[in-house]
Amino acid sequence: PDIENRKIVIEPFIPDDLSFANGGIQTIYGEVSVNWKKEDEELILNAEIPANTNAVFKMPITKNSRITVNGKESAGTFETGSGKYVIAIN
């Protein structure tokens, strides 16, 4: 995380031989947590970004991927504020 600028970059690596992963890190602003799982042909990523910070998500997509963030369509790279996010890629 770039704590000085309060910006967290989330760029998950999704290997073919794993079906889920989770992790987190404690920052001076609170905990950043991310978990993901593969379900059929869909990847579901949950993230929690602490208050007073921003996050840049760089999602692993292909040309035909469809991404939603909290149910709304999105691009593969996007920025958010603090909060909880559910990102689906199919």
# chains A, B, ... in the order shown; residues from 1 in each chain; ligands from 1

$ select_by_dssp --residues "chain A" --states "strand (DSSP E)" --output "PyMOL selection string"
chain A and resi 7-10+20-27+30-39+42-49+54-58+67-69+72-74+77-80+83-89

$ residues_around --residues "range 26-36 of chain A" --least-positions-apart "4" --cutoff "7 Å" --atoms "only C-alpha atoms" --output "number ranges by chain"
A: 20-22, 43-51

$ residues_around --residues "Glu41 in chain A" --least-positions-apart "4" --cutoff "12 Å" --atoms "only C-alpha atoms" --output "list in words"
Ser19, Lys37, Ser65, Arg66, Ala88, Ile89 and Asn90 of chain A

$ atom_distance --atom1 "CA of Val69 in chain A" --atom2 "CA of Ile87 in chain A"
4.5 Å

$ closest_residue --among "A:Glu42, A:Gly81, A:Arg6, A:Gly71" --to "Phe57 in chain A" --atoms "only C-alpha atoms"
A:Gly81

$ atom_distance --atom1 "CA of Val56 in chain A" --atom2 "CA of Ile14 in chain A"
17.3 Å

$ closest_residue --among "A:Leu18, A:Val9, A:Ile67, A:Ile61" --to "Thr80 in chain A" --atoms "only C-alpha atoms"
A:Val9
